[in-house]
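S.K.: The structure's right below; bear with me while I get my questions together.
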Amino acid sequence: MKLILKLLLTALAVIILANILPGISVDGYFSAIIVAIVLAFLRLIVKPILVILTLPITIVTFGLFLLIINAIIVLMAGYFVGGFTVASIWWALLFSLLLSFFQSILFSLIKED
């Protein structure tokens with residue numbers, strides 16, 4: 001139940017950010033839900049692989065390269081989901097940062113058991 005609620009809150013954040021940022025567009029609510037699911041899947045499967053493969057550059061940049069990895073994951077979600085487009089890696093980076101910020105606010109509203 002909590003997973004579904006988190007996915008719906010992420011979809012809400014995606015819709016809000018698509019309305020705020022001109023480089024990000026989402027076709028509708030269903031596309032936003034699909035984006036939330038794809039982002040969760042990519043963060044679960046692809047992100048650990050990318051972190052391991054880019055560990056030397058992540059260490060050299062003191063972890064700042066993880067921001068680029070998050071932007072790459074957003075770009076991949078834009079590639080896989082038809083109704084979600086990202087204009088450039090810079091918009092993906094800004095979207096990723098703001099999405100994390102909104103998720104932390106929205107997820108804090110969910111009460112823990």
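In the structure tokens, the first chain shown is A, the next is B, and so on; residue numbers restart at 1 for each chain, and ligands run from 1 in the order shown.
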Contacts of Phe107 in chain A at 8 Å or less, counting only C-alpha atoms, minus same-chain residues fewer than 4 places along, as a list in words?
M.R.: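 With the cut-off at 8 Å, the set is Lys6, Leu9 and Gln103 of chain A.
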S.K.: Could you save those same residues with N, CA and C atoms as a JSON list (two decimals), in the first residue's frame?
M.R.:
```
[["chain", "number", "residue", "atom", "x", "y", "z"],
["A", 6, "LYS", "N", 3.59, 5.94, -2.63],
["A", 6, "LYS", "CA", 4.83, 6.62, -3.02],
["A", 6, "LYS", "C", 4.91, 6.80, -4.53],
["A", 9, "LEU", "N", 2.59, 9.67, -5.41],
["A", 9, "LEU", "CA", 3.18, 10.95, -5.02],
["A", 9, "LEU", "C", 4.32, 11.34, -5.96],
["A", 103, "GLN", "N", 10.13, 14.78, -3.59],
["A", 103, "GLN", "CA", 9.87, 13.47, -3.01],
["A", 103, "GLN", "C", 10.15, 13.48, -1.51]]
```
S.K.: Would you please extract all alpha helix (DSSP H) residues from chain A, as assigned by DSSP on the backbone, and give them as an MDAnalysis selection string?
M.R.: chainID A and resid 2:20 29:53 55:60 65:80 89:108
S.K.: Kindly indicate which residue among A:Ala71, A:Val38, A:Ala11, A:Ala32 lies nearest to Val86 in chain A, using only C-alpha atoms for the distances.
M.R.: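 The shortest atom-to-atom distance to Val86 in chain A comes from A:Ala71.
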S.K.: For each of A:Ile49, A:Val81, A:Ile59, A:Ile20, take the minimum atom-to-atom distance to Ile33 in chain A, counting only C-alpha atoms, then give the residue where this is smallest.
M.R.: A:Val81
S.K.: Of the residues A:Ile73, A:Leu66, A:Ala13, A:Leu106, which is the one nearest to Leu44 in chain A, using only C-alpha atoms?
M.R.: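 The shortest atom-to-atom distance to Leu44 in chain A comes from A:Ile73.
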S.K.: Within 12 Å of Leu97 in chain A, counting only C-alpha atoms, which residues qualify if same-chain residues fewer than 2 places away don't, as number ranges by chain?
M.R.: A: 13-14, 17, 66-71, 74, 90-95, 99-104
